[in-house]
Amino acid sequence: MQKIYLDAAAALDGLLFDGMHICAGGFGLCGIPERLIDAIRDAGTKDLTIASNNAGIDGEGLGKLLRTKQVKKMISSYVGENKEFERQFLAEELEVEFCPQGTLAERCRAGGAGIPGFYTKTGVGTVVAEGKEVKQFDGEDYILERGIFADLCIIKGWKADKSGNLVFRKTARNFNQPMATAGKICVAEVEEIVEIGELDPDCIHLPGIYVKRLIDGSPYDKKIEFETTRDREAA
Amino acid sequence: MTEAQASTGWDRNQMAARAAQELEDGYYVNLGIGIPTLVANHIPDGVEVTLQSENGMLGIGPFPYPDEVDADLINAGKQTISALPSSSYFGSSDSFAMIRGGHIDLTVLGAMEVAENGDIANWMIPGKMIKGMGGAMDLVAGVKKIIVVMDHNSKAGDPKFIPECTLPLTGTNVVDMIITNLGVFHRPDHDSPFELIELAPDVTVEEVGEKTTAHYVEPVG
C-alpha cells in the first residue's frame, strides 16, 4: 500500500477528465488544497463542476480555475470578493448553485456516508426550497436535500502518517473533513508526512481509509483574506 | 456612518451593547458579520458566553496581536482571530450539526428587511451581484433565539421593518427580536405580533410609527 506521491500532478495522474465533479475543501483561503488546484489548472481539465464553500478570490484558490475557464458550475454558499467570478456569472459563462453552508456540509457528509438525501429545515420557504420535496415532521416543514458524491475530493490537511491517517490544524479543518469522504477517491495534501505511529490514534481527525493518495505540499505560504489584530497596549 | 446618513437614537456600538443585554450566563452564541460582531465587546460583567464561529470553532478569542496572526485561525468573516484555553475546533458538518440541531442558544444577525410575521431577508438583492447566503439560512432555521440588529431605515430612508419582505427570504417566521437605532421590538413566541418594548434616548413612539410600515403592538401608556 503506497499512498505517498511525489507531487500533486503525480497524485492526480489518471483521475482527471473533462466534465467531472470535484469536492474541494477549505473555507475562504483557509485550508485550501492549493497544490492540487494548481495541478488541475496545469492539467487543463475542463467543464468542471466543483462543490466548494467558496470560489477562492481573484487569482487565489479556485479563482485560478475560474481565470482559466475550466469551471462549468460551482456549488457554493458564498462567492463574494471575487471579480472574475462576478464577471463570468453575470455573463452567464458560469453556472452557480447556491447552497446554504450547513446544507452543503451535510450534503457532503451524507453523500460520503451512503445517504442519498436528507430532510432539513434550512431554506424552507426560500428560493433554496424551489423544486424540492417538502415533508412535515411533527408539524414542521422540512425540505429534501441530496447527498453529494463526487468523482474526486481534494483536501488540505496539516499532518498525515504514511498510512493516510490525517490531522487538521485549527479552523483549517472546515470543509476538508466532510468533503474528504464525499467522493470516489480523495487526494490529500499536507504540510508534513510523518511515520506510522507518530500520530495518536485517539486524535486522528480523518482516518486513513478516506485518504487514497497523499502528497507533502510544503512549504506553504498561507494567504490571509482579512488580517485583523489588536494592539499590545490594549491588553 | 457618515454625517449624511446619521440618524437619531443609538449608534452601531449602542445597538450592539443593547443586543449584548440579551446574553445569559452559559449561552453559546453565534454572531454575524458587521454590527453583530461588535456585540462581543459589550458582554455584561458576570455573564460568560461561548462564541461559535460556523467555520468550525467554539470559544472565539480576541483579535490576535500582530506577531500572533495565524492563517489557520480565522472567523466566519475570514478575519484572523485568537483562541482561548477553552476553545475547540471541528469540521463544517459538526459545526452545522450544532447549529441545525438547536444547540446554539442565540444568534445576532444583520438584515436588509424583516417582516411583521418574523420573516427575514438578508442575503440577496436581485439585479445586483449575488454573493450567496453563507450560513445565514442554517442559523435562522436552527438557532433557538434570533436577534436582528439593523438600521431602522435604509440609506434611502425606506423602512426595513415592513409588512412583507420584498427581497428573497433567508427564513420564514424566525425572528424573535429586532434592535434598530430607534428601539427594540420583541415577540414572546412565533404566533404573536412584535411589540415595541423599548425606545432609544430621545426617540418617541410617534417617530417610530412614522418610520415603520410593519404592524406592531405599541406600548400601553
# chains A, B, ... in the order shown; residues from 1 in each chain; ligands from 1

$ residues_around --residues "Leu48 (chain A)" --least-positions-apart "5" --cutoff "8 Å" --atoms "only C-alpha atoms" --output "list in words"
Asp18, Gly19, Met20, His21, Ile22, Gln70, Val71, Lys72 and Lys73 of chain A

$ write_last_selection --atoms "all heavy atoms" --output "PDB file, in the first residue's frame"
ATOM      1  N   ASP A  18     -12.564  15.604 -18.375  1.00  0.00           N
ATOM      2  CA  ASP A  18     -13.453  16.733 -18.643  1.00  0.00           C
ATOM      3  C   ASP A  18     -14.871  16.412 -18.171  1.00  0.00           C
ATOM      4  O   ASP A  18     -15.351  15.299 -18.359  1.00  0.00           O
ATOM      5  CB  ASP A  18     -13.474  17.052 -20.148  1.00  0.00           C
ATOM      6  CG  ASP A  18     -12.140  17.612 -20.626  1.00  0.00           C
ATOM      7  OD1 ASP A  18     -11.300  17.960 -19.768  1.00  0.00           O
ATOM      8  OD2 ASP A  18     -11.944  17.697 -21.858  1.00  0.00           O
ATOM      9  N   GLY A  19     -15.520  17.419 -17.581  1.00  0.00           N
ATOM     10  CA  GLY A  19     -16.906  17.254 -17.137  1.00  0.00           C
ATOM     11  C   GLY A  19     -17.044  16.584 -15.783  1.00  0.00           C
ATOM     12  O   GLY A  19     -18.147  16.262 -15.357  1.00  0.00           O
ATOM     13  N   MET A  20     -15.940  16.355 -15.097  1.00  0.00           N
ATOM     14  CA  MET A  20     -16.004  15.648 -13.820  1.00  0.00           C
ATOM     15  C   MET A  20     -16.504  16.528 -12.679  1.00  0.00           C
ATOM     16  O   MET A  20     -16.527  17.754 -12.783  1.00  0.00           O
ATOM     17  CB  MET A  20     -14.626  15.065 -13.458  1.00  0.00           C
ATOM     18  CG  MET A  20     -13.600  16.103 -13.037  1.00  0.00           C
ATOM     19  SD  MET A  20     -11.940  15.394 -12.822  1.00  0.00           S
ATOM     20  CE  MET A  20     -12.219  14.167 -11.528  1.00  0.00           C
ATOM     21  N   HIS A  21     -16.916  15.863 -11.596  1.00  0.00           N
ATOM     22  CA  HIS A  21     -17.362  16.544 -10.381  1.00  0.00           C
ATOM     23  C   HIS A  21     -16.268  16.448  -9.312  1.00  0.00           C
ATOM     24  O   HIS A  21     -15.740  15.368  -9.074  1.00  0.00           O
ATOM     25  CB  HIS A  21     -18.640  15.907  -9.851  1.00  0.00           C
ATOM     26  CG  HIS A  21     -19.839  16.206 -10.695  1.00  0.00           C
ATOM     27  ND1 HIS A  21     -21.033  16.634 -10.167  1.00  0.00           N
ATOM     28  CD2 HIS A  21     -20.030  16.164 -12.037  1.00  0.00           C
ATOM     29  CE1 HIS A  21     -21.902  16.830 -11.131  1.00  0.00           C
ATOM     30  NE2 HIS A  21     -21.334  16.541 -12.289  1.00  0.00           N
ATOM     31  N   ILE A  22     -15.981  17.588  -8.696  1.00  0.00           N
ATOM     32  CA  ILE A  22     -14.923  17.629  -7.685  1.00  0.00           C
ATOM     33  C   ILE A  22     -15.458  18.288  -6.417  1.00  0.00           C
ATOM     34  O   ILE A  22     -16.170  19.290  -6.481  1.00  0.00           O
ATOM     35  CB  ILE A  22     -13.705  18.441  -8.201  1.00  0.00           C
ATOM     36  CG1 ILE A  22     -13.083  17.758  -9.429  1.00  0.00           C
ATOM     37  CG2 ILE A  22     -12.652  18.630  -7.099  1.00  0.00           C
ATOM     38  CD1 ILE A  22     -11.947  18.545 -10.068  1.00  0.00           C
ATOM     39  N   GLN A  70     -11.953  26.831 -16.583  1.00  0.00           N
ATOM     40  CA  GLN A  70     -12.082  25.371 -16.505  1.00  0.00           C
ATOM     41  C   GLN A  70     -13.341  24.941 -15.763  1.00  0.00           C
ATOM     42  O   GLN A  70     -13.664  23.760 -15.740  1.00  0.00           O
ATOM     43  CB  GLN A  70     -10.844  24.780 -15.808  1.00  0.00           C
ATOM     44  CG  GLN A  70      -9.583  24.851 -16.654  1.00  0.00           C
ATOM     45  CD  GLN A  70      -8.333  24.493 -15.868  1.00  0.00           C
ATOM     46  OE1 GLN A  70      -7.602  25.355 -15.403  1.00  0.00           O
ATOM     47  NE2 GLN A  70      -8.079  23.201 -15.706  1.00  0.00           N
ATOM     48  N   VAL A  71     -14.013  25.926 -15.141  1.00  0.00           N
ATOM     49  CA  VAL A  71     -15.165  25.583 -14.297  1.00  0.00           C
ATOM     50  C   VAL A  71     -16.468  25.850 -15.036  1.00  0.00           C
ATOM     51  O   VAL A  71     -16.687  26.939 -15.556  1.00  0.00           O
ATOM     52  CB  VAL A  71     -15.146  26.400 -12.989  1.00  0.00           C
ATOM     53  CG1 VAL A  71     -16.294  25.965 -12.078  1.00  0.00           C
ATOM     54  CG2 VAL A  71     -13.812  26.258 -12.281  1.00  0.00           C
ATOM     55  N   LYS A  72     -17.335  24.829 -15.084  1.00  0.00           N
ATOM     56  CA  LYS A  72     -18.654  24.983 -15.702  1.00  0.00           C
ATOM     57  C   LYS A  72     -19.666  25.400 -14.644  1.00  0.00           C
ATOM     58  O   LYS A  72     -20.522  26.244 -14.879  1.00  0.00           O
ATOM     59  CB  LYS A  72     -19.088  23.654 -16.341  1.00  0.00           C
ATOM     60  CG  LYS A  72     -20.435  23.717 -17.043  1.00  0.00           C
ATOM     61  CD  LYS A  72     -20.805  22.378 -17.660  1.00  0.00           C
ATOM     62  CE  LYS A  72     -21.303  21.425 -16.571  1.00  0.00           C
ATOM     63  NZ  LYS A  72     -21.728  20.118 -17.112  1.00  0.00           N
ATOM     64  N   LYS A  73     -19.557  24.802 -13.452  1.00  0.00           N
ATOM     65  CA  LYS A  73     -20.560  25.045 -12.422  1.00  0.00           C
ATOM     66  C   LYS A  73     -19.932  24.995 -11.040  1.00  0.00           C
ATOM     67  O   LYS A  73     -19.102  24.127 -10.762  1.00  0.00           O
ATOM     68  CB  LYS A  73     -21.664  23.974 -12.523  1.00  0.00           C
ATOM     69  CG  LYS A  73     -22.747  24.104 -11.472  1.00  0.00           C
ATOM     70  CD  LYS A  73     -23.796  23.003 -11.642  1.00  0.00           C
ATOM     71  CE  LYS A  73     -24.829  23.079 -10.523  1.00  0.00           C
ATOM     72  NZ  LYS A  73     -25.835  22.009 -10.635  1.00  0.00           N
TER      73      LYS A  73
END

$ select_by_dssp --residues "chain A" --states "helix (DSSP H, G or I)" --output "PyMOL selection string"
chain A and resi 8-11+34-43+63-67+83-90+101-112+127-129+170-172+176-181+201-203+208-210+232-234

$ closest_atom_pairs --of "chain A" --to "chain B" --cutoff "7 Å" --atoms "only C-alpha atoms" --output "tab-separated table"
residue	atom	partner	partner_atom	distance
A:Phe27	CA	B:Asn55	CA	7.0
A:Gly28	CA	B:Lys78	CA	6.6
A:Cys30	CA	B:Asp72	CA	5.9
A:Gly31	CA	B:Asp72	CA	7.0
A:Ser77	CA	B:Gly134	CA	4.6
A:Tyr78	CA	B:Gly132	CA	4.4
A:Val79	CA	B:Lys131	CA	5.0
A:Gly80	CA	B:Lys131	CA	4.7
A:Glu86	CA	B:Met129	CA	6.9
A:Phe98	CA	B:Gly132	CA	6.2
A:Pro100	CA	B:Gly134	CA	5.8
A:Gln101	CA	B:Gly135	CA	4.7
A:Gly102	CA	B:Phe96	CA	5.0
A:Ala105	CA	B:Ser93	CA	4.8
A:Glu106	CA	B:Ser93	CA	5.5
A:Arg109	CA	B:Ser93	CA	6.6
A:Lys121	CA	B:Ala141	CA	5.9
A:Thr122	CA	B:Asp138	CA	5.0
A:Gly123	CA	B:Met137	CA	5.8
A:Val124	CA	B:Gly171	CA	6.9
A:Gly125	CA	B:Thr172	CA	6.2
A:Thr126	CA	B:Leu169	CA	5.3
A:Arg169	CA	B:Asp72	CA	6.7
A:Lys170	CA	B:Asp72	CA	5.8
A:Thr171	CA	B:Leu73	CA	5.2
A:Ala172	CA	B:Asp72	CA	5.2
A:Arg173	CA	B:Gly91	CA	5.4
A:Asn174	CA	B:Gly91	CA	4.3
A:Phe175	CA	B:Ser92	CA	5.2
A:Gln177	CA	B:Gly91	CA	5.7
A:Pro178	CA	B:Ser93	CA	6.3
A:Lys222	CA	B:Ala71	CA	6.0
A:Lys223	CA	B:Ala71	CA	6.5
A:Ile224	CA	B:Ala71	CA	5.5
A:Glu225	CA	B:Lys78	CA	6.1
A:Phe226	CA	B:Gln79	CA	4.7
A:Glu227	CA	B:Thr80	CA	5.4
A:Thr228	CA	B:Thr80	CA	5.4
A:Thr229	CA	B:Phe63	CA	4.9
A:Arg230	CA	B:Tyr65	CA	5.3
A:Asp231	CA	B:Tyr65	CA	6.2
A:Arg232	CA	B:Tyr65	CA	6.4

$ atom_distance --atom1 "CA of Leu199 (chain B)" --atom2 "CA of Asp151 (chain B)"
13.7 Å

$ residues_around --residues "Met1 (chain A)" --least-positions-apart "3" --cutoff "12 Å" --atoms "only C-alpha atoms" --output "list in words"
Ile4, Tyr5, Lys162, Ser163, Gly164, Gly208, Ile209, Val211, Lys212, Arg213 and Leu214 of chain A

$ atom_distance --atom1 "CA of Thr212 (chain B)" --atom2 "CA of Val108 (chain B)"
21.2 Å

$ atom_distance --atom1 "CA of Lys46 (chain A)" --atom2 "CA of Asp221 (chain A)"
27.2 Å

$ closest_residue --among "B:Leu106, B:Val208, B:Met112, B:Ala40" --to "Asp176 (chain B)" --atoms "only C-alpha atoms"
B:Leu106

$ select_by_dssp --residues "region 65-206 of chain B" --states "strand (DSSP E)" --output "MDAnalysis selection string"
chainID B and resid 83:89 106:109 113:115 120:121 145:149 161:162 177:179 183:186 195:199
